[in-house]
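Just below is one structure, and these are the notes that go with it.
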Amino acid sequence: MQVALKIWRYDSSSGERALREYEIDAPEEATLLDCLDIVKDRHDGSLAYRKSCRMMICGSCGMRMDGAAVLACKTRMYDIAQEGRVPVVSAMGNLPIVKDLVVDMDPFWEKFKAIKPYLQPGYDQPEDGREYHIDQPRMNVIHKEALCINCGCCVSECNSMESDPDFLGPQALAKGMRFVGDPRDAATVERLEELSGEHGIWECTRCFFCNERCPKGVDPRDAIAKLGAEAIAHGIDRDMGAKHAKWFIRSTETTGWLRETELVPKTQGVVSSVKQMKFAINLARHSKAGLEFPPHVAKDVKEARDLRKLVRTQDRPGALGHVQGERALAQLAHGYTEGERDPYGPGSVPMPYLPGEGSAGGQGSLTQADVTPGAEPTKKPEGGA
Amino acid sequence: MSTMEGTKRVAYFKGCLASMSAKELDTSTQALAPRVGLELVELESVTCCGAGDIHEAEPDYYLHLNARILAYAEAAGCDTLLTVCNVCTLNLRQANFMLQGDKELRERVNKNLRSVGVPAYGGEVDVRHLLWEIAEGPGYERLKEAAHKGLKGLKVAPFYGCQILRPSKIMGFEDPDRPWSLERIIEACGGEAIDYPAKIKCCGFPIIQAREETALGELIQPVEQAMEAGADVMVTPCPLCHLSLDAWQQKLEAATGRKFDMPVLHLAQLVGVAAGLEDSELKFKRHIVDPRPALEKLQV
């Protein structure tokens with residue numbers, strides 16, 4: 001089959017960048033990685049990209065196609081070629097580009113190392129000297145997290161990390177959960193303390209890009225939610241994110257609805273919230289976050305209170321509460337059923353984003369690296385908030 | 001379920017924001033509903049869905065809280081639970097799939113529900129956002145008729161937010177990378193849909209209190225890009241995105257020293273303007289950035 005590709009070429013030493021188009025002849029079963037091999041072998045030997053296993057195990061060939069992070073070796077090109085689309089291939093986001101499709105993974109590995117991705121010894125060794133058996137329910141807690149191949153596709157699209165490059169991010173946090181949930185690990189509390197730090201669990205903005213992009217079904221956002229549940233179950237709840245969550249619980253038990261007026265002081269503390277006073281007054285002028293009188297109380301709210309009391313006696317604390325839903329959710333496949341519109345068809349609104357084409361650029365921020373490789377990623381507003 | 005020709009009877013879950021800070025979302029939704037063929041059944045006993053917060057902190061309680069909402073919707077004789085918030089939509093759909101897909105789990109939850117006086121949930125409710133009801137099918141046909149006043153000449157930047165698109169396995173309505181529903185509605189109302197990359201990204205709201213600086217770094221992207229693309233207004237299907245985009249613009253001003261004055265409309269308001277809803281239903285005076293000057297060009 002004939003496959004056309006546009007590839008963002010970039011050289012960090014010279015700063016040169018260009019979007020090059022290639023037309024190649026490839027077998028019908030070809031993946032994106034096969035196509036890149038053909039480009040490199042027969043058309044342009046200077047193209048740089050990473051690869052190794054070619055079978056979705058090594059995690060080397062993470063890159064973006066049409067703005068979305070994929071494993072090149074998992075991405076079949078047949079349908080795309082049949083539709084006559086010319087996908088744009090670029091390097092992953094949120095990591096500096098070295099050359100073409102190769103990113104510098106050092107910041108990724110630094111975060112990976114920071115969560116101590118190895119067992120902290122201290123568990124009871126079986127007396128008979130045989131191997132340590134973990135029962136299935138305990139294994140289920142970290143089954144998905146253990147599937148991670150460190151490819152970086154989740155990190156590529158992480159919205160929090162784009163704003164704060166120091167955020168630990170979905171891969172490191174999911175790996176953190178893999179050890180927090182391992183019954184052999186003796187550092188559960190210390191890990192939860194560390195992962196609850198400034199750039200940890202509670203900095204996740206729940207954009208769900210990581211779940212969407214992960215090629216292995218790790219669902220990093222779900223792993224972060226497990227960590228949040230474990231932290232709170234262990235009483236590690238000093239972070240504002242944890243306090244914020246606890247106020248929702250309190251609200252549903254008392255009025256049934258979020259008591260939003262009290263949310264800021266309950267999250268940030270009284271002293272910090274006084275600093276927000278000018279902002280709050282402006283909101284109140286527009287009838288936002290003001291005091292309700294009489295308060296908005298749900299009918300039969302006692303039922304919610306009773307339910308919480310009841311489930312807390314039922315032995316599904318922390319991450320186990322998340323795990324119980326995984327069997328059902330695993331039956332759902334990623335994807336969507338397109339409605340009446342073909343997003344690629346004539347008259348589609350809008351035209352699909354193709355990185356680097358037109359003035360608007362690719363999926364993601366205008367200044368994201370895949371749009372103009374080598375450009376500075378989006379920065380926080382100057383001066384902070 | 002239909003009561004009269006072309007009208008769909010749905011349980012209406014307005015959620016926290018539309019009950020409080022975003023009352024304008026509730027009034028405009030209530031006023032718009034009959035014009036797009038929806039009969040809203042209000043549920044008295046329901047509570048907050050827990051946002052992402054209870055889901056994260058106490059997942060077992062989250063599941064029961066949402067099962068209770070679904071059970072009351074079912075008990076009201078409705079097969080659709082209508083939401084007007086992305087976060088409510090994700091929470092309720094996720095809990096619903098957990099309960100529908102695992103009989104053992106549903107039986108356990110139902111036993112708990114019954115023991116505190118809540119009807120058991122049979123798994124027969126579909127959770128759908130207003131956006132999906134009016135972006136295709138009979139709702140879309142009614143929308144085209146209802147939007148008689150139109151939005152001619154108005155440049156509208158659609159902002160989807162995250163949890164109406166992702167995870168796609170739970171939302172499943174449209175391509176999460178190339179959504180079309182808001183654009184289709186804007187065009188059906190006679191407006192011009194403005195395109196910009198950050199329309200599918202995060203507004204920062206979930207961490208706007210715990211990590212404000214990081215959140216502002218996310219928020220600035222859609223607001224800035226919509227302004228640069230020449231939008232008159234933005235529109236969003238989520239009241240949390242709305243609050244972030246509308247109210248926190250003043251913090252972007254403080255942080256950058258630049259002027260931000262992009263009006264942001266709720267979906268029901270935008271369609272409501274095209275359908276000729278009253279000011280008392282649209283309640284624009286509740287917005288921090290007043291959309292009325294931008295909408296004035298529609299009057300001529």
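All residue names refer to the structure tokens as shown: chains lettered A, B, ... in order, residues numbered from 1 in each chain, ligands numbered from 1 in order.
Shell of Ala146 in chain B at 10 Å, with only C-alpha atoms counted and residues fewer than 6 places along the chain excluded, is Leu32, Pro34, Arg35, Val36, Gly37, Tyr140, Cys189, Val271, Gly272, Ala274, Ala275 and Gly276 of chain B.
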If you take only C-alpha atoms and a cut-off of 6 Å, which residues of chain B touch chain A, and what are their nearest atom pairs and distances in Å to one decimal, in chain and number order, as a tab-separated table?
```
residue	atom	partner	partner_atom	distance
B:Cys16	CA	A:Trp257	CA	5.8
B:Ser21	CA	A:Lys288	CA	4.3
B:Glu44	CA	A:Lys299	CA	5.8
B:Ser45	CA	A:Lys299	CA	4.4
B:Thr47	CA	A:Gly256	CA	4.6
B:Cys48	CA	A:Trp257	CA	4.8
B:Asp53	CA	A:Ala245	CA	4.5
B:Glu56	CA	A:Ala225	CA	4.6
B:Ala57	CA	A:Ala229	CA	4.4
B:Glu58	CA	A:Ala229	CA	5.9
B:Pro59	CA	A:Gly321	CA	4.8
B:Asp60	CA	A:Gly321	CA	4.6
B:Tyr61	CA	A:Arg308	CA	5.6
B:Met98	CA	A:Ala328	CA	5.0
B:Gly101	CA	A:Ala328	CA	4.5
B:Asp102	CA	A:Ala328	CA	5.3
B:Val116	CA	A:Glu303	CA	5.7
B:Cys162	CA	A:Cys207	CA	5.2
B:Arg166	CA	A:Phe208	CA	5.7
B:Pro167	CA	A:Glu212	CA	5.7
B:Ser168	CA	A:Gly335	CA	5.4
B:Lys169	CA	A:His334	CA	4.2
B:Gly172	CA	A:Tyr336	CA	4.1
B:Phe173	CA	A:Tyr336	CA	5.6
B:Glu174	CA	A:Glu338	CA	5.5
B:Arg178	CA	A:Pro352	CA	5.9
B:Trp180	CA	A:Val349	CA	5.9
B:Pro197	CA	A:Gln363	CA	5.1
B:Ala198	CA	A:Gly364	CA	5.4
B:Cys202	CA	A:Cys207	CA	5.7
B:Pro206	CA	A:Thr205	CA	5.6
B:Ile207	CA	A:Thr205	CA	5.7
B:Ala210	CA	A:Met240	CA	5.0
B:Glu213	CA	A:Ala385	CA	5.5
B:Thr214	CA	A:Ser163	CA	5.5
B:Gly217	CA	A:Lys380	CA	4.4
B:Ala255	CA	A:Ala385	CA	5.2
B:Thr256	CA	A:Glu382	CA	5.6
B:Arg286	CA	A:His286	CA	4.7
```
Determine, counting only C-alpha atoms, which protein, DNA and RNA residues have an atom within 6 Å of an atom of Val87 in chain B; residues of the same chain fewer than 3 positions away are not included. Present the result as a PDB file with C-alpha atoms, in the first residue's frame.
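What follows is the written file around_31.pdb:
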```pdb
ATOM      1  CA  ALA B  51     -16.949  15.255  42.205  1.00  0.00           C
ATOM      2  CA  LEU B  90     -18.090  11.090  34.535  1.00  0.00           C
ATOM      3  CA  GLN B 163     -14.454  14.845  31.585  1.00  0.00           C
TER       4      GLN B 163
END
```
Distance query Arg93 in chain B at most 7 Å, only C-alpha atoms, self and fewer than 4 positions along chain excluded, as a list of chain:residue names
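Final neighbour list, sorted by chain and number: B:Thr89, B:Phe97, B:Val127, B:Ile170.
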Per DSSP on the backbone, filter range 50-137 of chain B down to the residues in helix (DSSP H, G or I) and report them as a ChimeraX atom specification.
/B:51-57,59-75,86-101,103-115,130-135,137
Write out as a count of residues only the residues lying within 6 Å of Cys238 in chain B, counting only C-alpha atoms and excluding same-chain residues fewer than 2 positions away.
5
In Å, rounded to a single decimal, give me how far CA of Thr7 in chain B is from CA of Val125 in chain B.
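So the two atoms, CA of Val125 in chain B and CA of Thr7 in chain B, lie 17.6 Å apart.
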Grab the CA of Pro96 in chain A to CA of Tyr22 in chain A distance for me, in Å with one decimal place.
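Those two atoms sit 24.5 Å apart.
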Run DSSP on the backbone of this structure and report the residues of range 45-266 of chain B it assigns to strand (DSSP E or B), as a list in words.
Thr80, Leu81, Leu82, Thr83, Asp126, Val127, Arg128, His129, Lys155, Val156, Ala157, Pro158, Glu192, Ala193, Val233, Met234, Val235, Thr236, Val264, Leu265 and His266 of chain B
Find the spatial neighbours of Ala174 in chain A, counting only C-alpha atoms, within a cut-off of 6 Å - ignore same-chain residues fewer than 4 positions away - and output them as a list of chain:residue names.
A:Glu145, A:Pro170, A:Pro220, A:Ala223
Quick one: everything within 8 Å of Ala18 in chain A, counting only C-alpha atoms, minus sequence neighbours fewer than 5 positions away in the same chain. Send it as a list in words.
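Answer for this query is Trp8, Arg9 and Tyr10 of chain A.
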Would you write out those residues with C-alpha atoms, as an mmCIF file, in the first residue's frame?
```
data_model
loop_
_atom_site.group_PDB
_atom_site.id
_atom_site.type_symbol
_atom_site.label_atom_id
_atom_site.label_comp_id
_atom_site.auth_asym_id
_atom_site.auth_seq_id
_atom_site.Cartn_x
_atom_site.Cartn_y
_atom_site.Cartn_z
ATOM 1 C CA TRP A 8 8.588 16.907 12.117
ATOM 2 C CA ARG A 9 12.355 16.948 11.756
ATOM 3 C CA TYR A 10 14.333 18.771 14.392
#
```
What separates CA of Ala268 in chain B and CA of Pro237 in chain B is a distance of 8.0 Å
So which one's closest to Ile7 in chain A, A:Gly176, A:Pro265, A:Pro87, A:Pro126? Using only C-alpha atoms, please.
A:Pro87
Which residue, B:Val109, B:Leu82, B:Leu277, B:Ala294, has the smallest gap to Trp132 in chain B when you use only C-alpha atoms?
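The answer is B:Leu82, which sits nearest to Trp132 in chain B.
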What are the closest atom pairs, with distances in Å to one decimal, for each residue of range 160-228 of chain B lying within 9 Å of range 242-245 of chain B, using only C-alpha atoms, rows by chain and rising residue number, as a Markdown table?
```
| residue | atom | partner | partner_atom | distance |
| --- | --- | --- | --- | --- |
| B:Cys203 | CA | B:Ser244 | CA | 6.6 |
| B:Gly204 | CA | B:Ser244 | CA | 7.3 |
| B:Phe205 | CA | B:Ser244 | CA | 5.7 |
| B:Ile208 | CA | B:Ser244 | CA | 8.0 |
| B:Leu219 | CA | B:Leu245 | CA | 6.8 |
| B:Ile220 | CA | B:Leu245 | CA | 8.7 |
| B:Pro222 | CA | B:Leu245 | CA | 8.5 |
| B:Val223 | CA | B:Leu245 | CA | 7.1 |
```
